[in-house]
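> Got a structure here, written out as structure tokens. Questions coming.
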Amino acid sequence: MNQPLNVGIDVGSTTVKISIFENGKPIFEKYERHKFDVEKTIRTFFDEAMPILKDRFITICLTGSAGMQVSEALSIPFVQEVVSCTLAVRKLLPPVDVILELGGEDAKIVYFTEIDGQKTVTSKSLSSETASSSSSTKEETKPCSSACSSSSNESSSCSCSDCSSPKDRNVAIDSRMNTMCAAGTGAFIDQMAALLETDAEGLNNLAKTYTHLYTIASRCGVFAKSDVQPLLNEGVPKSDVAASVLQSVVNQTISGLASGKPIKGRVAFLGGPLHFLSELRNMFIKTLALVDESEINTILSEKREPEGEEGKKFIRYGTGLLPENAQFYVARGAALYSASQTPFPTAFLQGRIEKMSDKLRAASYKQLLPPLFESAEALNAFRERHSHSVVPRFSMENARGPLFLGIDCGSTTIKGCLTNLKGEVGWMYYTTHQGNPLKAAIDMFTSMWTSILEEPKPTEEEKAAGKGENGFEKPFIARAVATGYGENLIKAAFLVDDGMVETMCHLKAAQFFQPDVDFVLDIGGQDMKSMTIDVDVSEKSPSPSPSPSASASASASSQSSSSSSSSSNDSVEKRRRSGGVISTICLNEACSSGCGSFIQTLSATLEMPITEFSAAGLRSKQPVDLGSRCTVFMNSRIKQAQKDCATVEDISAGLALSIIKNALFKVIRIHDPKELGTKVVVQGGTFLNDSVLRAAEIVFDTTVVRPDIAGHMGAFGAALVAQEQWEKLNAEVASAVADTTTKQDEGEVDRDETPMDDEDTAEMTKELKKGLSQTSFLSLQDIKELKWESTSRRCGQCVNNCQLTVHRFSHHDGAEHISGNKCERGLPPDQRRIDQTLPDLVAWHRQRVFSPKLYTPLLPKDAPRGTLGIPRALFMWEDYPMWFTVFTKLGFRVIISRESNEKMHLKAMETIPSEAACYPAKLMHGHVADLIERKVDAIFFPMHLYGRKEVKDAPEHFYCALLSTYAAMINNSFDFKKLGIKYFMPPVLIYEEDKGAKRFGEEVHKMWPEIKKSEGRDAFAAGCKAFKEWREEYRRKGEEAIQLSRSKGKPLAVLAAYPYQLDGIHCGAITPMLLQEGYTVLTADAIAHLGADAKMPYEILNMYSMDGRILEAAKYVCKDGNEDFIFIYLSSFGCGVTPSCHEQCCSWLKFKGRMYANIKIDQALNMGAVRVRIRSLVAAHRMQRYRHTLPLVAPSSSPAASSPPAADTPSSSSTPSSSPSPSQSAGATPVSFKKELVEVVVKQGLKSIPKKPYTVLVSNFSEEHTDGYCAGLNSEGWNFVVCPDFKQQETVDMGLRYVNNDCCYGAILIVGGIILALKKGLYDPDKTHVAWIHMGGSCSSRSLAFTIRRGLIQAGYPQVGVSEFNYNFLCNPELSISQTLRVNYAFVMNDLLTRLYHRCHPYEKEKGSSMKLWKEWKEKTLKHVEKGSILKTKSFMKKMVKAFEKLPLVTEERTKPRVGIIGTMCKVEPEFYYWLLDYLVDEEGCEVSVLDFYGYAIAPSYNAMNAYNTYSFPFMMKVGGFFANKMIATFIDWGSAALKGSKRFDPMMPMSTVLERTWSIVPKYHISGEGWFYTSQFVFLLDQGVDNFICTTPFDCMPVHLGCRGAMKQLKEMFPKLNACILDFDAGTSRMNLTNRIRLMLNSMPERQLSGPKKTLCSLVDLEDLVARDASQTSVDSSSESASASSSSSSSQDEFAGKMPMAMECKPSACRSCASSATCSILSSALLQSSTSSTPSSIPSAAPQDQPVAQATTPS
């Protein structure tokens, strides 16, 4: 009897793998890229495997990120890939401690940890276990028991149910998986390989010969691409780039997935990239300090310890293991997982595969948009409309006189353009330079010179005039100008006359086509630029260039009588020279998302020419909505669309729309496309894609101009600039000659000089003209002879130690051209441009705050209390003078960590608990590690909730929600006790000196009892004095710098940054660029005090101390007379605090006409992008002549009173958004842009909210509780209503119009939902008010009321007021006693109702009965809260419990796994929340536990009491907190009393039971947002028996970093069985991405680890598939019974119809187990044996690793 075959299929994001097992051994395996055609690849696999599968019974299971929908379509089981991989490793390999698995777009880490005393592989026992494993393989193995037929030994586990149960092995499995970003995966490596013109294997081979490693961003694949391209452009060897790419993959995996947990012990490397790429493995081994497994036996056999430093690390960390065929382990795990399934005939599966395509399409749930064109006529009209924007051209045969060369050397391409005096184009060139711009430039210039020297011929007119072949004026290059990233390199190599920043060139080109252009958008390969032009200014202010008339007359006077000069027509001149002044410039940040390279990469992945892919979008009927955020996140949505069977046409069109939305909402950040104006020019290579062009028209809601040379606009603009410069020089020559002649005529010539006659004057003019007419650009011969060499070296001049690329050209006599430098220190002296006399306060700040002269540590003999280390990070960048003084006075030798560099960041990256933390926070770990290496006795870093109140009128002065308590995260990341280091992290009060001194004295006495409290107080006071001295000196330096700069006539630049962002690793390259441009560099802190008297209207809540100083500096820059300032705002990537401050500064500065730029800093700063941004800002500043106005203005008229339209009126517009346009919205007033700012006023407290008939909108902060809270408030005359829920994507699209895309995702949803409710006409704007209910603290949500109000003004609803209040009654004394009681017991009542429902729902006997009962009691609860008697509340709760006690259930026992849901996003995004509940209960068979919401109400009472004890808050705050706590505790007791005695429901537990453990992980001082309460939610549910969690958080939520991710390591040590899935929500999050990670958590539950799938393929539908098949294709036994049964399909169908009632009663298990199977001829026709074979009861045992396997593997 043949054993069934076990089939596993791994459908990944880029590849498909299949593994077929027989008797526990793989017999067939195949690996192939599916190229997004999963269906075809699976069919091919089965066709090749059919000789093995035919006439056999099989079990099958699918896995992989792209396998879920295939599994649903085929009705076969699915297992999450991490679980599958883990299973394969546990069954097929010796024990391991960690699995590292990299796939196409997924990366995973799995940790195995012993629990309950069971021993696993550890670093201490590794050597002995390895030796045992090595020797035991040669011994004869014996069955572990009589019941088990498998063999076992110490190195491999038995597969029987007894031996392989989780209880026996007893290890906790901790699985990690990357989130939405595909950085650090196979797809990322493929993209980087494409940049290097190779494949993944070629990249691996290049890396073998590297010499230097460069910093490449490991956070994000798109950031990394932005880093790689400049390195290639600078001539860095490809081998170095390849190795750097692989190292970035290592960094991303460790920092992103380890999350503070070390990777040590025996590490298994799995997955395609790690299998095929040896150098990637080596990078992991080197970085993790592992020894390759292959070296261990040699080391052990020689009985020696590994030598040197590497040997020590081996003993500590362990080994790296690469199993054979590592790329198949996920598929193998799926095959093993399927073994417990009931086998079925292969024929059943064949029928399903044939119908797979239809089932996949039927399962589609993609979000669709209207098509780009409604009809063919619309497409034709579009093409006709854009056929007129054509540049005038001339033939090179007719080229005459001066020609002007423009060169645009971009990040990936190089373009050239030749124009004549008319602005006509005669020659253009475009090519990709593939990382070698010099070689591409030589080819381009050779082509240009050939066309100039060979093509010109005399015209017929010239021949008739007798000019012949040599009689006409020959063309020549008059001037050349370069632009783009490679501008300096091209200038140095080819002696180009001048360079111009690319934004100015693009503006010049745009004005040629549209003289009065309002807005220019340029999207290139990796760059996106937008410019707003104030056209009116050109009519009021002189242009900085020579006036057209003067320039034209001067040119005419200096020209010979050439035909080209005389034939210039006025219209061309007007078009070429008209235009306004730039008012704002926006460029994409370091990220190149939404640019052309993404389209190029996707088309290459689809193996389609980019032109074909682009054209496909024009034919789309249903474009897929791909979102508008980062295109890396968009990858997930594209994968989802492909699984939904979306066509290439629909994806192409959806991508085009997404690119434009990305430009509007992410880069330009507009609220209404009408702000762009009516005359818009779009350009750049991306707009040669007609789909993108049409998308721009749709989204902009206007007709745009797309020149036919859109891809050459940079080069064309550079040529126009060259012509202007040449004409200006000629005008100067003419003026000089005229001056000389005039002086001679008037007798002013020196007597000793010989007067010039007419001939002398003509000769002088000729000589001057000759010098000006000839460019310095290399001739054709010089270009052919050009030679150069490139070398690389380290600068060594500062801590950055830049890797320099040095070019030496043959025409420069050995002179060096250097690139890769962040400052001028590495340049030769003759190339340095910085005026050393210009003040640089950034450099002064660095030197002063850590001055070794001012802050010299005590000698060891003079420091009785030892050494104390202080990290050179975060707040110490302004507080170090204070704390150095404090601890020096206390007798410590204070040691500061070394200066920041890249190695510092990598030093402790595996301790970083949160991938999304800002770079300065990540750097903090490296500084702490540095102090540990220096063996200090103690490390000090305090916790700051509040900063100094330096802004007088600021309502709050918090510190950043993350960094204020980041010291606690550091404490959780390092084992200081084990290291023997004291870690001192006291909460400090630096804003009140007396209270702060007292508090510090108490804290320092606790840590060092020998230090008296009075000593601590005195030291603190001395430290405060030292801080004041340095701060006063700082301010004086700021004032002196302004005076000195203005005395020299120099402009000034303010670098607005937090103090720790002034670290050289963050902005070390920015200040030298500004100094090179002649700007004095100031900091916001140096001039903030000068803005104190400036009055500007606020649109935000000024709640952060450091932000307040930046805002004061912006106010000073806005003062009249400060037009010589520019303002540069630095923000960290992922910072959720800065968007509000950033937008406020931008608003003020725009209104006052100041030039402004935002630069985001991250671990890798793209110098090319930063240089373009700064040069553009400087160029625009020099052009500026007018003050621009702010978009946020008050409507010019009062709102029109109109009846609101129907809520869901369909729009006839072709705009791909279902939201109405502002002009169509009910009650909306069109915004007119006045030259005045509007103060955003948010009212405070409940009494500021109008009562009925006003409707008060409240955002839905909880699906179960918001309505109850509203009911409690409505009890006294208000009409609070919960804002309706809309479709998620519709809400996001609306929210992104009015909220900075870097803000919290919840803010985007809340603002979008409120504005949508008004635009859809659901409420009368004249009778509507909005209330924002918040938790207080330093979370950015505290200021959301201002964001809502500002959004309402911008949307045209200024009449809708906004009020805010804290839902905690302690902060709302205006609430009556009745309201206070009602809103608080409403929380407890709804908690009780929710608890009852979720307990009954999974076990209800009648489907829907629990929901019906829930709705009934929900209505009763709302009525009771609003109007019921408070005294009857306790009895009401008891009645509620009794009603649910009577609900019939299938069982009273809790047999289903419990999953806890915690976090904010499950509440804020109801669409996902309801889907999640249904999915967990109905599809996964779980019981859901939702944390009681009353914790949100009671937590503030603990915070109030803690604030008194910790921060010396008023005593009444403590008293109020005490009584609030008792009140809520009373209501909780009522709920517990109602549940008392119930056998069905768990009791309500008081919060006090978890506080001590919670505060041991996260300090009670962490009160931002949910603060420590987030951690307590885990402990609370874990105590109730819930081990599995889904945590929902907004992407980059600051407080959650500490409360969730930062606490995870400690929580898992406290609760080893904790199994958590953390979901980050973003505007671009896809459902598939979330589902995949949820399934990882579910399948990681111990009860599901080895249980196998519960689904079976065979069902009634399968029988129908089998009957429908032709008899000849059915697997039939040769017996006569089977032959007669399958003689004809028609007789089988008749027999099946007769047995239909019997078949309908079959259970969802194999038909062979059916009681009627013996008489079912349909089944017997498919079976190979008449008797039923036994079903395997466990997973088969492991096959020997040397077992031959049939493989058909396609290399990666």
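Letters A, B, ... mark the chains of the structure tokens in the order given; residue numbers begin at 1 per chain; ligand numbers begin at 1, in order shown.
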Find the residues around Glu374 of chain A up to 10 Å (only C-alpha atoms counted), leave out those fewer than 2 positions away in its own chain, and share them as a PyMOL selection string.
chain A and resi 370-372+376-379+619-621+1214
> Show which residues sit within 10 Å of Asp994 of chain A, as a list in words. Count only C-alpha atoms, and ignore same-chain residues fewer than 6 positions away.
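Surrounding residues, per the criterion: Phe1000, Arg1017, Phe1020 and Ala1021 of chain A.
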> Those same residues - N, CA and C atoms - I'd like them written as a PDB file, in the first residue's frame.

```pdb
ATOM      1  N   PHE A1000      15.785  66.176  42.991  1.00  0.00           N
ATOM      2  CA  PHE A1000      17.028  65.531  42.577  1.00  0.00           C
ATOM      3  C   PHE A1000      17.820  65.041  43.787  1.00  0.00           C
ATOM      4  N   ARG A1017      21.011  68.751  46.370  1.00  0.00           N
ATOM      5  CA  ARG A1017      20.336  70.021  46.098  1.00  0.00           C
ATOM      6  C   ARG A1017      21.341  71.097  45.700  1.00  0.00           C
ATOM      7  N   PHE A1020      22.670  70.471  42.213  1.00  0.00           N
ATOM      8  CA  PHE A1020      21.656  70.799  41.204  1.00  0.00           C
ATOM      9  C   PHE A1020      21.605  72.303  40.968  1.00  0.00           C
ATOM     10  N   ALA A1021      21.656  73.070  42.044  1.00  0.00           N
ATOM     11  CA  ALA A1021      21.631  74.532  41.914  1.00  0.00           C
ATOM     12  C   ALA A1021      22.845  75.033  41.151  1.00  0.00           C
TER      13      ALA A1021
END
```
> So how far away is atom CA of Ser1176 of chain A from atom CA of Ala509 of chain A, in Å?
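Between atom CA of Ala509 of chain A and atom CA of Ser1176 of chain A the gap is 15.4 Å.
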> Let me make sure I understand: among A:Asn178, A:Gln725, A:Ser1275, A:Gln1584, which one has the smallest atom-to-atom distance to Leu257 of chain A if we use only C-alpha atoms?
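Distance minimum relative to Leu257 of chain A lands on A:Asn178.
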> Any idea what the distance is between atom CA of Gly711 of chain A and atom CA of Cys417 of chain A?
11.2 Å
